[in-house]
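Q: Handing you this structure, nothing more for now.
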Amino acid sequence: MRKTTVLVLALILVGMLIPAGFSTDSNVVITYGETTYSNSDYKSFVDNFFVNQANVDINNVGVKTISANQVNQISGGITGKYYNSNQILSSALVDLNDNADLKVSVDKSKITTITGDMYISALKSAGITKGHVYVTSPVQATGESALAGIMNSYEEVTDVEIPDSVKEAANDEIYTEAEIVENSGVDANELSDLVNQVKDEVSADNVTDHDTIVNIINNYVENNNVNITNVDIENLADSIEQVQNVQGDVNYYKDQVGDILGNSSASGFSLDGLLDWIKSFVNGI
């Protein structure tokens with residue numbers, strides 16, 4: 001009888017000690033392309049992917065939609081592409097409960113151009129280094145418009161806005177890579193590796209000069225025998241230069257979300273540890 005009483009008191013203690021808002025679902029947001037969200041069959045397909053891949057209860061997570069107008073505000077200034085409301089298909093789920101490192105799982109049967117590594121590179125350009133992102137579409141889509149939705153999801157989860165300059169730079173990186181893949185026929189993974197190597201060198205040396213970035217890209221292109229045109233190289237240099245030029249805004253954003261996107265263990269609270277302590281305490285009575 002005494003053990004039961006103590007156990008009840010201990011469980012009440014757990015309820016008092018668990019931080020407000022401690023819920024796996026509070027850290028999960030789905031962003032649907034407006035075309036997908038308005039079509040029940042499309043939405044059902046996407047939801048099934050998220051349930052099977054992310055193992056979440058989609059009925060109890062945050063939901064947003066990304067419209068053609070939102071995508072066009074970004075893509076129009078970068079590539080001149082404009083989309084209709086029936087063309088925004090890519091959808092994404094962001095899960096910050098899985099935040100040991102940044103991971104992106106892409107439905108390769110539906111997303112035809114943008115790879116997981118490309119999303120990771122662009123998100124890191126925006127200062128995002130934690131969370132698990134899942135990307136799919138009900139029908140085949142290139143996938144570049146999904147980045148706008150992914151960043152909106154991070155804003156929703158963290159309640160911190162990403163600076164517009166940072167969004168533009170990250171999206172420009174994705175759109176530029178998509179164009180190069182589609183126009184030059186270069187392997188997407190090969191291009192992603194090239195971009196990451198160039199970005200690492202440019203960042204390490206804090207290079208912002210366009211011609212210097214072009215030379216760095218040319219060196220990697222020649223050394224790795226990557227088949228892209230001089231126009232591609234110029235566009236890629238512009239994109240990487242833009243990323244470099246917004247590092248001040250990126251660092252400001254990273255400071256704002258540092259605690260939120262840090263490891264969950266940083267707060268010192270461990271539910272498993274507390275439950276283990278209760279078990280040992282009760283067994284010892």
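Just remember, in the structure tokens the first chain shown is A, the second B, etc., residues are 1-based per chain, and ligands are 1-based in the order shown.
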Hey, what's within 8 Å of A:Ile128 if we count only C-alpha atoms and toss same-chain stuff fewer than 4 positions away? As number ranges by chain, please?

A: A: 102, 123-124, 254, 261

Q: Grab the residues selected above and save them as a PDB file, in the first residue's frame with all heavy atoms.

A:
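The new file out-v8.pdb reads:
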ATOM      1  N   LEU A 102      21.246  17.396 -38.900  1.00  0.00           N
ATOM      2  CA  LEU A 102      20.319  17.699 -39.976  1.00  0.00           C
ATOM      3  C   LEU A 102      20.268  16.521 -40.943  1.00  0.00           C
ATOM      4  O   LEU A 102      21.285  16.103 -41.485  1.00  0.00           O
ATOM      5  CB  LEU A 102      20.755  18.969 -40.712  1.00  0.00           C
ATOM      6  CG  LEU A 102      19.877  19.403 -41.887  1.00  0.00           C
ATOM      7  CD1 LEU A 102      18.459  19.712 -41.425  1.00  0.00           C
ATOM      8  CD2 LEU A 102      20.475  20.634 -42.580  1.00  0.00           C
ATOM      9  N   LEU A 123      19.907  24.389 -46.707  1.00  0.00           N
ATOM     10  CA  LEU A 123      19.454  24.679 -45.340  1.00  0.00           C
ATOM     11  C   LEU A 123      20.622  25.116 -44.465  1.00  0.00           C
ATOM     12  O   LEU A 123      20.485  26.024 -43.637  1.00  0.00           O
ATOM     13  CB  LEU A 123      18.757  23.457 -44.743  1.00  0.00           C
ATOM     14  CG  LEU A 123      17.379  23.134 -45.329  1.00  0.00           C
ATOM     15  CD1 LEU A 123      16.880  21.779 -44.847  1.00  0.00           C
ATOM     16  CD2 LEU A 123      16.372  24.221 -44.965  1.00  0.00           C
ATOM     17  N   LYS A 124      21.765  24.489 -44.634  1.00  0.00           N
ATOM     18  CA  LYS A 124      22.946  24.904 -43.869  1.00  0.00           C
ATOM     19  C   LYS A 124      23.380  26.314 -44.284  1.00  0.00           C
ATOM     20  O   LYS A 124      23.875  27.082 -43.449  1.00  0.00           O
ATOM     21  CB  LYS A 124      24.087  23.904 -44.053  1.00  0.00           C
ATOM     22  CG  LYS A 124      23.855  22.601 -43.293  1.00  0.00           C
ATOM     23  CD  LYS A 124      25.043  21.657 -43.392  1.00  0.00           C
ATOM     24  CE  LYS A 124      24.845  20.434 -42.515  1.00  0.00           C
ATOM     25  NZ  LYS A 124      25.988  19.489 -42.609  1.00  0.00           N
ATOM     26  N   LYS A 254      21.130  32.253 -36.558  1.00  0.00           N
ATOM     27  CA  LYS A 254      21.626  31.120 -35.780  1.00  0.00           C
ATOM     28  C   LYS A 254      21.651  31.449 -34.296  1.00  0.00           C
ATOM     29  O   LYS A 254      21.368  30.590 -33.453  1.00  0.00           O
ATOM     30  CB  LYS A 254      23.025  30.724 -36.272  1.00  0.00           C
ATOM     31  CG  LYS A 254      23.011  30.056 -37.640  1.00  0.00           C
ATOM     32  CD  LYS A 254      24.403  29.887 -38.216  1.00  0.00           C
ATOM     33  CE  LYS A 254      25.189  28.828 -37.495  1.00  0.00           C
ATOM     34  NZ  LYS A 254      26.481  28.570 -38.177  1.00  0.00           N
ATOM     35  N   LEU A 261      17.336  24.908 -31.677  1.00  0.00           N
ATOM     36  CA  LEU A 261      17.859  23.891 -32.594  1.00  0.00           C
ATOM     37  C   LEU A 261      19.050  23.145 -32.015  1.00  0.00           C
ATOM     38  O   LEU A 261      19.674  22.343 -32.703  1.00  0.00           O
ATOM     39  CB  LEU A 261      18.254  24.528 -33.929  1.00  0.00           C
ATOM     40  CG  LEU A 261      17.120  25.144 -34.740  1.00  0.00           C
ATOM     41  CD1 LEU A 261      17.637  25.663 -36.067  1.00  0.00           C
ATOM     42  CD2 LEU A 261      16.005  24.138 -34.969  1.00  0.00           C
TER      43      LEU A 261
END

Q: May I have all residues of stretch 6-233 of chain A that DSSP, computed from the backbone, assigns to strand (DSSP E), given as a list in words?

A: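 Taking stretch 6-233 of chain A and keeping strand (DSSP E) gives Val28, Val29, Ile30, Thr31, Tyr32, Gly33, Gly62, Val63, Lys64, Thr65, Ile66, Ser91, Ala92, Leu93, Val94, Asp95, Leu102, Lys103, Val104, Ser105, Val106, Gly131, His132, Val133, Tyr134, Val135 and Thr136 of chain A.
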
Q: Only N, CA and C atoms, please: the residues just picked out, written as a tab-separated table (two decimals), in the first residue's frame.

A:
chain	number	residue	atom	x	y	z
A	28	VAL	N	6.69	19.27	-34.65
A	28	VAL	CA	6.50	18.73	-36.00
A	28	VAL	C	5.53	19.62	-36.78
A	29	VAL	N	5.94	19.98	-37.99
A	29	VAL	CA	5.08	20.78	-38.87
A	29	VAL	C	5.12	20.20	-40.28
A	30	ILE	N	3.95	20.12	-40.89
A	30	ILE	CA	3.86	19.71	-42.29
A	30	ILE	C	3.50	20.92	-43.14
A	31	THR	N	4.24	21.12	-44.22
A	31	THR	CA	3.89	22.16	-45.19
A	31	THR	C	3.48	21.49	-46.49
A	32	TYR	N	2.24	21.70	-46.87
A	32	TYR	CA	1.72	21.12	-48.11
A	32	TYR	C	1.79	22.16	-49.24
A	33	GLY	N	2.15	21.72	-50.44
A	33	GLY	CA	1.96	22.55	-51.60
A	33	GLY	C	0.46	22.76	-51.77
A	62	GLY	N	1.40	20.55	-36.50
A	62	GLY	CA	1.14	21.83	-37.16
A	62	GLY	C	1.03	21.66	-38.66
A	63	VAL	N	0.18	22.43	-39.29
A	63	VAL	CA	-0.04	22.33	-40.74
A	63	VAL	C	0.02	23.72	-41.35
A	64	LYS	N	0.74	23.83	-42.47
A	64	LYS	CA	0.78	25.07	-43.24
A	64	LYS	C	0.66	24.70	-44.72
A	65	THR	N	0.30	25.67	-45.53
A	65	THR	CA	0.31	25.47	-46.98
A	65	THR	C	1.23	26.52	-47.60
A	66	ILE	N	1.86	26.13	-48.70
A	66	ILE	CA	2.70	27.05	-49.45
A	66	ILE	C	2.01	27.31	-50.79
A	91	SER	N	5.67	18.71	-50.95
A	91	SER	CA	5.27	18.89	-49.55
A	91	SER	C	6.37	18.37	-48.64
A	92	ALA	N	6.44	18.94	-47.45
A	92	ALA	CA	7.54	18.58	-46.55
A	92	ALA	C	7.07	18.49	-45.10
A	93	LEU	N	7.70	17.62	-44.36
A	93	LEU	CA	7.49	17.51	-42.92
A	93	LEU	C	8.80	17.80	-42.22
A	94	VAL	N	8.77	18.67	-41.22
A	94	VAL	CA	9.95	18.98	-40.41
A	94	VAL	C	9.73	18.46	-39.01
A	95	ASP	N	10.65	17.63	-38.53
A	95	ASP	CA	10.55	17.05	-37.19
A	95	ASP	C	11.77	17.46	-36.38
A	102	LEU	N	21.25	17.40	-38.90
A	102	LEU	CA	20.32	17.70	-39.98
A	102	LEU	C	20.27	16.52	-40.94
A	103	LYS	N	19.05	16.01	-41.15
A	103	LYS	CA	18.85	14.91	-42.09
A	103	LYS	C	17.68	15.26	-43.01
A	104	VAL	N	17.77	14.83	-44.25
A	104	VAL	CA	16.68	15.04	-45.21
A	104	VAL	C	16.41	13.73	-45.93
A	105	SER	N	15.17	13.26	-45.83
A	105	SER	CA	14.75	12.04	-46.52
A	105	SER	C	13.84	12.44	-47.68
A	106	VAL	N	14.26	12.13	-48.88
A	106	VAL	CA	13.53	12.53	-50.08
A	106	VAL	C	12.89	11.30	-50.73
A	131	GLY	N	17.39	18.83	-37.09
A	131	GLY	CA	16.06	18.40	-37.49
A	131	GLY	C	16.08	17.35	-38.59
A	132	HIS	N	14.95	16.68	-38.75
A	132	HIS	CA	14.80	15.69	-39.82
A	132	HIS	C	13.69	16.17	-40.74
A	133	VAL	N	14.01	16.30	-42.01
A	133	VAL	CA	13.08	16.81	-43.02
A	133	VAL	C	12.71	15.66	-43.96
A	134	TYR	N	11.42	15.56	-44.26
A	134	TYR	CA	10.93	14.56	-45.21
A	134	TYR	C	10.25	15.31	-46.35
A	135	VAL	N	10.58	14.93	-47.59
A	135	VAL	CA	10.04	15.64	-48.76
A	135	VAL	C	9.43	14.64	-49.73
A	136	THR	N	8.22	14.95	-50.19
A	136	THR	CA	7.58	14.10	-51.19
A	136	THR	C	6.62	14.94	-52.03

Q: One decimal, Å: what's the distance from atom CA of A:Ile162 over to atom CA of A:Gly248, could you say?

A: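 Straight-line distance from atom CA of A:Ile162 to atom CA of A:Gly248 works out to 12.5 Å.
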
Q: Determine, for each residue of stretch 138-201 of chain A having at least one atom at most 10 Å from an atom of stretch 116-120 of chain A, the closest pair of atoms and their separation in Å to one decimal, counting only C-alpha atoms; order by chain and ascending number, as CSV.

A:
residue,atom,partner,partner_atom,distance
A:Gly143,CA,A:Tyr119,CA,9.5
A:Glu144,CA,A:Tyr119,CA,8.8
A:Ala146,CA,A:Tyr119,CA,9.1
A:Leu147,CA,A:Tyr119,CA,7.2
A:Ile150,CA,A:Tyr119,CA,9.3
A:Ala170,CA,A:Tyr119,CA,9.1
A:Asn171,CA,A:Tyr119,CA,9.6
A:Glu173,CA,A:Met118,CA,8.6
A:Ile174,CA,A:Met118,CA,6.9
A:Glu177,CA,A:Met118,CA,8.0
A:Ala178,CA,A:Met118,CA,9.3
A:Ala188,CA,A:Met118,CA,8.4
A:Asn189,CA,A:Asp117,CA,7.6
A:Leu191,CA,A:Met118,CA,8.9
A:Ser192,CA,A:Met118,CA,5.9
A:Asp193,CA,A:Asp117,CA,8.4
A:Val195,CA,A:Met118,CA,8.9
A:Asn196,CA,A:Met118,CA,8.9

Q: Could those residues be written to a file, using all heavy atoms, as a short mmCIF file (atom, residue, chain, number, x, y, z; two decimals), in the first residue's frame?

A:
data_model
loop_
_atom_site.label_atom_id
_atom_site.label_comp_id
_atom_site.auth_asym_id
_atom_site.auth_seq_id
_atom_site.Cartn_x
_atom_site.Cartn_y
_atom_site.Cartn_z
N GLY A 143 11.05 19.54 -57.26
CA GLY A 143 11.34 19.63 -55.83
C GLY A 143 11.92 20.93 -55.33
O GLY A 143 12.04 21.13 -54.12
N GLU A 144 12.28 21.85 -56.24
CA GLU A 144 12.92 23.07 -55.75
C GLU A 144 11.98 23.96 -54.94
O GLU A 144 12.40 24.67 -54.02
CB GLU A 144 13.56 23.88 -56.88
CG GLU A 144 12.61 24.47 -57.89
CD GLU A 144 12.54 23.65 -59.16
OE1 GLU A 144 12.72 22.42 -59.07
OE2 GLU A 144 12.30 24.22 -60.23
N ALA A 146 9.94 23.07 -52.78
CA ALA A 146 9.76 22.54 -51.42
C ALA A 146 10.59 23.30 -50.40
O ALA A 146 10.22 23.36 -49.22
CB ALA A 146 10.13 21.06 -51.38
N LEU A 147 11.70 23.90 -50.82
CA LEU A 147 12.57 24.57 -49.84
C LEU A 147 11.85 25.73 -49.16
O LEU A 147 12.04 25.95 -47.96
CB LEU A 147 13.85 25.08 -50.51
CG LEU A 147 14.87 25.69 -49.55
CD1 LEU A 147 15.39 24.65 -48.56
CD2 LEU A 147 16.04 26.30 -50.32
N ILE A 150 9.81 24.20 -46.49
CA ILE A 150 10.64 23.69 -45.40
C ILE A 150 11.05 24.83 -44.47
O ILE A 150 10.97 24.72 -43.24
CB ILE A 150 11.89 22.99 -45.97
CG1 ILE A 150 11.50 21.71 -46.72
CG2 ILE A 150 12.88 22.66 -44.85
CD1 ILE A 150 12.63 21.09 -47.51
N ALA A 170 19.41 30.97 -49.96
CA ALA A 170 19.24 29.52 -49.91
C ALA A 170 18.40 29.03 -51.08
O ALA A 170 18.72 28.00 -51.71
CB ALA A 170 18.59 29.12 -48.58
N ASN A 171 17.32 29.75 -51.38
CA ASN A 171 16.49 29.35 -52.51
C ASN A 171 17.22 29.52 -53.84
O ASN A 171 17.06 28.70 -54.75
CB ASN A 171 15.20 30.18 -52.52
CG ASN A 171 14.14 29.60 -51.61
OD1 ASN A 171 13.55 28.56 -51.91
ND2 ASN A 171 13.89 30.27 -50.50
N GLU A 173 20.32 29.09 -54.30
CA GLU A 173 21.22 27.94 -54.41
C GLU A 173 20.48 26.72 -54.97
O GLU A 173 20.96 26.05 -55.89
CB GLU A 173 21.80 27.61 -53.03
CG GLU A 173 22.78 26.44 -53.04
CD GLU A 173 23.35 26.16 -51.66
OE1 GLU A 173 23.54 27.12 -50.88
OE2 GLU A 173 23.62 24.98 -51.37
N ILE A 174 19.28 26.45 -54.43
CA ILE A 174 18.49 25.30 -54.89
C ILE A 174 18.07 25.47 -56.35
O ILE A 174 18.22 24.56 -57.18
CB ILE A 174 17.24 25.12 -54.00
CG1 ILE A 174 17.61 24.39 -52.71
CG2 ILE A 174 16.16 24.34 -54.73
CD1 ILE A 174 17.89 22.91 -52.86
N GLU A 177 21.03 25.07 -58.79
CA GLU A 177 21.43 23.67 -58.97
C GLU A 177 20.41 22.92 -59.81
O GLU A 177 20.79 22.09 -60.65
CB GLU A 177 21.62 23.00 -57.61
CG GLU A 177 22.84 23.50 -56.84
CD GLU A 177 23.10 22.70 -55.58
OE1 GLU A 177 23.42 21.51 -55.69
OE2 GLU A 177 22.97 23.27 -54.47
N ALA A 178 19.13 23.19 -59.59
CA ALA A 178 18.09 22.53 -60.38
C ALA A 178 18.23 22.87 -61.86
O ALA A 178 18.11 21.98 -62.72
CB ALA A 178 16.70 22.95 -59.88
N ALA A 188 23.11 14.79 -60.38
CA ALA A 188 22.75 15.65 -59.25
C ALA A 188 23.69 15.47 -58.07
O ALA A 188 24.08 16.45 -57.42
CB ALA A 188 21.31 15.38 -58.84
N ASN A 189 24.04 14.23 -57.77
CA ASN A 189 24.94 13.98 -56.64
C ASN A 189 26.34 14.53 -56.91
O ASN A 189 27.00 15.05 -56.01
CB ASN A 189 25.02 12.47 -56.34
CG ASN A 189 23.71 11.94 -55.77
OD1 ASN A 189 23.06 12.60 -54.97
ND2 ASN A 189 23.33 10.75 -56.21
N LEU A 191 27.02 17.11 -58.80
CA LEU A 191 26.94 18.56 -58.68
C LEU A 191 26.88 18.96 -57.21
O LEU A 191 27.54 19.93 -56.80
CB LEU A 191 25.70 19.08 -59.40
CG LEU A 191 25.45 20.59 -59.29
CD1 LEU A 191 26.60 21.38 -59.91
CD2 LEU A 191 24.12 20.97 -59.95
N SER A 192 26.13 18.22 -56.41
CA SER A 192 26.02 18.53 -54.98
C SER A 192 27.37 18.44 -54.30
O SER A 192 27.73 19.30 -53.47
CB SER A 192 25.03 17.57 -54.32
OG SER A 192 24.89 17.85 -52.95
N ASP A 193 28.15 17.42 -54.64
CA ASP A 193 29.51 17.27 -54.07
C ASP A 193 30.38 18.46 -54.46
O ASP A 193 31.12 19.00 -53.64
CB ASP A 193 30.16 15.97 -54.56
CG ASP A 193 29.54 14.74 -53.92
OD1 ASP A 193 28.88 14.88 -52.88
OD2 ASP A 193 29.73 13.64 -54.47
N VAL A 195 29.42 21.54 -55.30
CA VAL A 195 28.97 22.75 -54.59
C VAL A 195 29.45 22.75 -53.15
O VAL A 195 29.92 23.77 -52.64
CB VAL A 195 27.43 22.87 -54.66
CG1 VAL A 195 26.93 24.00 -53.76
CG2 VAL A 195 26.97 23.11 -56.10
N ASN A 196 29.33 21.61 -52.49
CA ASN A 196 29.76 21.54 -51.09
C ASN A 196 31.26 21.80 -50.94
O ASN A 196 31.69 22.50 -50.01
CB ASN A 196 29.40 20.17 -50.49
CG ASN A 196 27.93 20.05 -50.17
OD1 ASN A 196 27.28 21.03 -49.83
ND2 ASN A 196 27.39 18.85 -50.27
#

Q: Can you work out the spacing between atom CA of A:Ile180 and atom CA of A:Asp232 in Å, to one decimal?

A: 6.2 Å

Q: Which value, in Å to one decimal, gives the distance between atom CA of A:Thr142 and atom CA of A:Thr113?

A: 4.8 Å

Q: Determine, counting only C-alpha atoms, which protein, DNA and RNA residues have an atom within 12 Å of an atom of A:Val246; residues of the same chain fewer than 2 positions away are not included. Present the result as a PDB file with C-alpha atoms, in the first residue's frame.

A:
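Dumped to around.pdb:
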ATOM      1  CA  SER A 125      23.470  28.019 -46.001  1.00  0.00           C
ATOM      2  CA  ALA A 126      20.476  29.407 -44.102  1.00  0.00           C
ATOM      3  CA  GLY A 127      21.950  28.488 -40.720  1.00  0.00           C
ATOM      4  CA  ILE A 162      14.425  33.574 -41.211  1.00  0.00           C
ATOM      5  CA  PRO A 163      15.737  36.874 -42.671  1.00  0.00           C
ATOM      6  CA  ASP A 164      14.509  37.452 -46.224  1.00  0.00           C
ATOM      7  CA  SER A 165      18.078  37.847 -47.485  1.00  0.00           C
ATOM      8  CA  VAL A 166      18.918  34.398 -46.123  1.00  0.00           C
ATOM      9  CA  LYS A 167      15.813  32.821 -47.642  1.00  0.00           C
ATOM     10  CA  GLU A 168      16.665  34.319 -51.015  1.00  0.00           C
ATOM     11  CA  ALA A 169      20.245  33.054 -50.902  1.00  0.00           C
ATOM     12  CA  ALA A 170      19.239  29.522 -49.905  1.00  0.00           C
ATOM     13  CA  SER A 203      33.763  29.850 -46.460  1.00  0.00           C
ATOM     14  CA  ASN A 206      35.994  34.082 -46.501  1.00  0.00           C
ATOM     15  CA  THR A 208      33.442  37.175 -51.571  1.00  0.00           C
ATOM     16  CA  SER A 239      24.749  31.874 -56.004  1.00  0.00           C
ATOM     17  CA  ILE A 240      27.711  31.050 -53.743  1.00  0.00           C
ATOM     18  CA  GLU A 241      28.725  34.713 -53.648  1.00  0.00           C
ATOM     19  CA  GLN A 242      25.204  35.583 -52.476  1.00  0.00           C
ATOM     20  CA  VAL A 243      25.429  32.992 -49.707  1.00  0.00           C
ATOM     21  CA  GLN A 244      28.726  34.499 -48.587  1.00  0.00           C
ATOM     22  CA  GLY A 248      25.977  38.326 -41.112  1.00  0.00           C
ATOM     23  CA  ASP A 249      22.230  37.677 -41.333  1.00  0.00           C
ATOM     24  CA  VAL A 250      22.815  33.925 -41.137  1.00  0.00           C
ATOM     25  CA  ASN A 251      24.799  34.301 -37.925  1.00  0.00           C
ATOM     26  CA  TYR A 252      22.098  36.546 -36.452  1.00  0.00           C
ATOM     27  CA  TYR A 253      19.467  33.900 -37.225  1.00  0.00           C
TER      28      TYR A 253
END

Q: Report as a ChimeraX atom specification: the residues of stretch 58-235 of chain A with a DSSP assignment of alpha helix (DSSP H), based on the backbone of this structure.

A: /A:68-78,116-125,146-158,164-184,188-204,210-224,230-235

Q: Excluding A:Thr158 and residues on its chain fewer than 3 positions from it, collect all residues at most 8 Å away from it, counting only C-alpha atoms, and give them as a PyMOL selection string.

A: chain A and resi 154-155+257+260
